[in-house]
Structures are given as structure tokens and as C-alpha cells.
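Engineer: Sharing a structure, written as C-alpha cells. Questions coming.
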Amino acid sequence: MKTNMNIKVDVEVRDEAKILFGQMGFDMTTAVNMFLLAAIREKGIPFPLTTVSKQLSEDEAIAVLASRMRKAEAQERAGQMRSFDDFVSEMKSKYGNK
């Protein structure tokens with residue numbers, strides 16, 4: 001069974017996220033579901049949180065993204081990637097259909 005969720009975000013955040021996820025081939029619903037499933041799997045926020053904020057320069061951000069893309073491409077070549085549907089099936093088998 002599926003349900004609707006209403007959340008409030010700044011318009012700029014929504015618009016930028018929509019563009020980003022679209023470039024990655026996801027819609028907002030898929031991206032939010034991926035976050036929620038990853039949080040359930042990790043039993044917490046699926047990325048590190050700190051009290052110190054570091055604003056990256058444009059060059060630093062590009063370098064970080066390029067590094068992550070290279071890592072993802074290497075994982076794909078090594079057969080370490082899986083489809084979102086496989087991920088959802090695994091989560092349902094571990095945690096049920098809540």
C-alpha cells in the first residue's frame with residue numbers, strides 16, 4: 001500500500017533538486033524513497049552529519065563530483081551496481097512491506 005506525504009521545502013531547494021534528480025534519471029518521489037529506504041537500512045541518516053559547515057568552492061565541488069562519478073563508473077564496470085527495483089526488493093525482504 002502506498003500513501004502520500006506532504007513536506008515543506010524552500011522553492012529554490014525543490015527546483016534545484018528536481019533538476020539534479022532529473023539529470024540522474026529520477027523523479028522527486030524516487031529520490032525521497034531512496035533516501036528513506038537508505039535511512040531505514042542504515043538505521044539513521046545515511047550520510048555523516050557534523051556541526052561544522054564547509055562551503056566548497058566551485059572547483060572543489062567539481063573535483064568532489066568528478067571523483068564520485070569515477071568511483072560510480074568503476075563500481076558499474078565491476079558489476080557492483082544494482083537497479084533501484086533490486087534495492088527495493090531487498091529492503092522489502094529485510095524490513096517487510098510497511
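By convention in this document, the chains of the C-alpha cells carry letters A, B, ... by their order, each chain's residues are numbered from 1, and ligands are numbered from 1 in the order they are shown.
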Could you give me, as a list in words, the residues within 12 Å of range 90-97 of chain A, counting only C-alpha atoms and dropping anything in the same chain fewer than 2 positions from it?

Structural biologist: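 Final neighbour list, sorted by chain and number: Met1, Lys2, Asn33, Met34, Leu36, Leu37, Ala38, Ala39, Ile40, Arg41, Glu42, Lys43, Arg82, Ser83, Phe84, Asp85, Asp86, Phe87 and Val88 of chain A.
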
Engineer: Go ahead and save the picked residues with all heavy atoms, as a short mmCIF file (atom, residue, chain, number, x, y, z; two decimals), in the first residue's frame.

Structural biologist:
data_model
loop_
_atom_site.label_atom_id
_atom_site.label_comp_id
_atom_site.auth_asym_id
_atom_site.auth_seq_id
_atom_site.Cartn_x
_atom_site.Cartn_y
_atom_site.Cartn_z
N MET A 1 0.85 -1.18 0.00
CA MET A 1 0.00 0.00 0.00
C MET A 1 0.89 1.24 0.00
O MET A 1 1.89 1.28 0.70
CB MET A 1 -0.88 -0.03 1.24
CG MET A 1 -1.79 1.16 1.35
SD MET A 1 -3.06 0.87 2.56
CE MET A 1 -2.65 2.12 3.73
N LYS A 2 0.52 2.21 -0.76
CA LYS A 2 1.27 3.46 -0.82
C LYS A 2 0.45 4.57 -0.19
O LYS A 2 -0.76 4.50 -0.11
CB LYS A 2 1.60 3.81 -2.27
CG LYS A 2 2.51 2.79 -2.89
CD LYS A 2 3.20 3.34 -4.09
CE LYS A 2 4.09 2.25 -4.64
NZ LYS A 2 5.42 2.64 -4.85
N ASN A 33 12.16 8.37 -1.79
CA ASN A 33 12.04 6.97 -1.39
C ASN A 33 13.42 6.34 -1.20
O ASN A 33 13.63 5.56 -0.26
CB ASN A 33 11.22 6.17 -2.41
CG ASN A 33 9.75 6.30 -2.15
OD1 ASN A 33 9.27 6.04 -1.06
ND2 ASN A 33 9.01 6.70 -3.17
N MET A 34 14.36 6.66 -2.08
CA MET A 34 15.72 6.13 -1.94
C MET A 34 16.34 6.60 -0.62
O MET A 34 16.96 5.81 0.08
CB MET A 34 16.58 6.56 -3.13
CG MET A 34 16.20 5.87 -4.42
SD MET A 34 17.06 6.52 -5.85
CE MET A 34 18.72 5.95 -5.56
N LEU A 36 14.73 7.53 2.15
CA LEU A 36 14.05 6.89 3.27
C LEU A 36 14.47 5.43 3.42
O LEU A 36 14.72 4.97 4.54
CB LEU A 36 12.53 7.01 3.10
CG LEU A 36 11.97 8.44 3.14
CD1 LEU A 36 10.49 8.44 2.79
CD2 LEU A 36 12.21 9.08 4.48
N LEU A 37 14.56 4.71 2.32
CA LEU A 37 14.99 3.31 2.39
C LEU A 37 16.43 3.18 2.87
O LEU A 37 16.77 2.28 3.65
CB LEU A 37 14.82 2.63 1.02
CG LEU A 37 13.36 2.38 0.62
CD1 LEU A 37 13.27 2.02 -0.86
CD2 LEU A 37 12.75 1.29 1.49
N ALA A 38 17.30 4.10 2.42
CA ALA A 38 18.70 4.08 2.89
C ALA A 38 18.76 4.40 4.39
O ALA A 38 19.54 3.79 5.12
CB ALA A 38 19.54 5.07 2.09
N ALA A 39 17.93 5.32 4.86
CA ALA A 39 17.90 5.65 6.29
C ALA A 39 17.44 4.45 7.10
O ALA A 39 18.00 4.15 8.17
CB ALA A 39 16.99 6.85 6.53
N ILE A 40 16.44 3.73 6.60
CA ILE A 40 15.97 2.52 7.29
C ILE A 40 17.09 1.48 7.33
O ILE A 40 17.37 0.88 8.37
CB ILE A 40 14.72 1.95 6.59
CG1 ILE A 40 13.53 2.90 6.80
CG2 ILE A 40 14.40 0.54 7.09
CD1 ILE A 40 12.35 2.61 5.90
N ARG A 41 17.75 1.29 6.19
CA ARG A 41 18.83 0.31 6.10
C ARG A 41 19.96 0.65 7.08
O ARG A 41 20.48 -0.20 7.78
CB ARG A 41 19.37 0.25 4.68
CG ARG A 41 20.48 -0.80 4.50
CD ARG A 41 21.16 -0.69 3.15
NE ARG A 41 21.95 0.53 3.13
CZ ARG A 41 21.97 1.39 2.12
NH1 ARG A 41 21.29 1.18 1.03
NH2 ARG A 41 22.71 2.48 2.18
N GLU A 42 20.33 1.94 7.14
CA GLU A 42 21.43 2.39 7.99
C GLU A 42 21.01 2.62 9.44
O GLU A 42 21.84 2.86 10.30
CB GLU A 42 22.02 3.69 7.44
CG GLU A 42 22.60 3.59 6.05
CD GLU A 42 23.81 2.69 5.98
OE1 GLU A 42 24.61 2.70 6.94
OE2 GLU A 42 23.95 1.95 4.99
N LYS A 43 19.70 2.59 9.67
CA LYS A 43 19.14 2.90 10.99
C LYS A 43 19.57 4.29 11.46
O LYS A 43 19.93 4.50 12.61
CB LYS A 43 19.50 1.82 12.00
CG LYS A 43 18.94 0.46 11.64
CD LYS A 43 19.09 -0.53 12.74
CE LYS A 43 18.58 -1.91 12.45
NZ LYS A 43 17.76 -2.19 11.36
N ARG A 82 23.44 -2.03 -8.78
CA ARG A 82 22.21 -2.78 -8.93
C ARG A 82 21.09 -1.81 -9.25
O ARG A 82 21.20 -0.61 -8.99
CB ARG A 82 21.91 -3.57 -7.67
CG ARG A 82 21.78 -2.70 -6.44
CD ARG A 82 21.61 -3.54 -5.22
NE ARG A 82 21.74 -2.65 -4.07
CZ ARG A 82 21.57 -3.05 -2.85
NH1 ARG A 82 21.28 -4.29 -2.60
NH2 ARG A 82 21.70 -2.20 -1.86
N SER A 83 20.03 -2.33 -9.76
CA SER A 83 18.91 -1.47 -10.14
C SER A 83 18.14 -1.04 -8.89
O SER A 83 18.21 -1.69 -7.84
CB SER A 83 17.96 -2.21 -11.09
OG SER A 83 17.22 -3.19 -10.37
N PHE A 84 17.40 0.05 -9.03
CA PHE A 84 16.59 0.53 -7.91
C PHE A 84 15.55 -0.52 -7.53
O PHE A 84 15.29 -0.74 -6.35
CB PHE A 84 15.93 1.86 -8.27
CG PHE A 84 15.08 2.41 -7.15
CD1 PHE A 84 15.66 2.88 -5.99
CD2 PHE A 84 13.70 2.44 -7.26
CE1 PHE A 84 14.89 3.37 -4.95
CE2 PHE A 84 12.93 2.93 -6.22
CZ PHE A 84 13.51 3.40 -5.07
N ASP A 85 14.98 -1.20 -8.53
CA ASP A 85 13.98 -2.24 -8.24
C ASP A 85 14.59 -3.36 -7.39
O ASP A 85 13.95 -3.87 -6.48
CB ASP A 85 13.40 -2.80 -9.54
CG ASP A 85 12.52 -1.79 -10.26
OD1 ASP A 85 11.98 -0.87 -9.60
OD2 ASP A 85 12.36 -1.93 -11.48
N ASP A 86 15.83 -3.76 -7.69
CA ASP A 86 16.51 -4.78 -6.89
C ASP A 86 16.71 -4.28 -5.46
O ASP A 86 16.54 -5.03 -4.50
CB ASP A 86 17.86 -5.15 -7.50
CG ASP A 86 17.72 -5.93 -8.79
OD1 ASP A 86 16.61 -6.44 -9.07
OD2 ASP A 86 18.72 -6.03 -9.52
N PHE A 87 17.08 -3.01 -5.32
CA PHE A 87 17.27 -2.41 -4.00
C PHE A 87 15.97 -2.43 -3.20
O PHE A 87 15.95 -2.84 -2.04
CB PHE A 87 17.79 -0.97 -4.16
CG PHE A 87 17.91 -0.20 -2.88
CD1 PHE A 87 18.93 -0.46 -1.99
CD2 PHE A 87 16.98 0.78 -2.56
CE1 PHE A 87 19.04 0.24 -0.80
CE2 PHE A 87 17.08 1.49 -1.38
CZ PHE A 87 18.12 1.23 -0.50
N VAL A 88 14.87 -2.04 -3.85
CA VAL A 88 13.57 -2.03 -3.17
C VAL A 88 13.18 -3.44 -2.76
O VAL A 88 12.72 -3.67 -1.64
CB VAL A 88 12.48 -1.40 -4.08
CG1 VAL A 88 11.09 -1.62 -3.50
CG2 VAL A 88 12.74 0.09 -4.27
#

Engineer: Just want the 12 Å neighbourhood of Lys18 in chain A, counted on only C-alpha atoms, with same-chain residues fewer than 3 positions away dropped. Output as a list in words.

Structural biologist: Val11, Glu12, Val13, Arg14, Asp15, Phe21, Gly22, Gln23, Met24, Gly25, Phe26, Asp27, Met28, Thr29, Thr30, Ala31 and Val32 of chain A

Engineer: As JSON, numbers by chain, please: every residue in chain A that a backbone DSSP assignment puts in helix (DSSP H, G or I).

Structural biologist: {"A": [11, 12, 13, 14, 15, 16, 17, 18, 19, 20, 21, 22, 23, 28, 29, 30, 31, 32, 33, 34, 35, 36, 37, 38, 39, 40, 41, 42, 58, 59, 60, 61, 62, 63, 64, 65, 66, 67, 68, 69, 70, 71, 72, 73, 74, 75, 76, 77, 84, 85, 86, 87, 88, 89, 90, 91, 92, 93, 94, 95]}
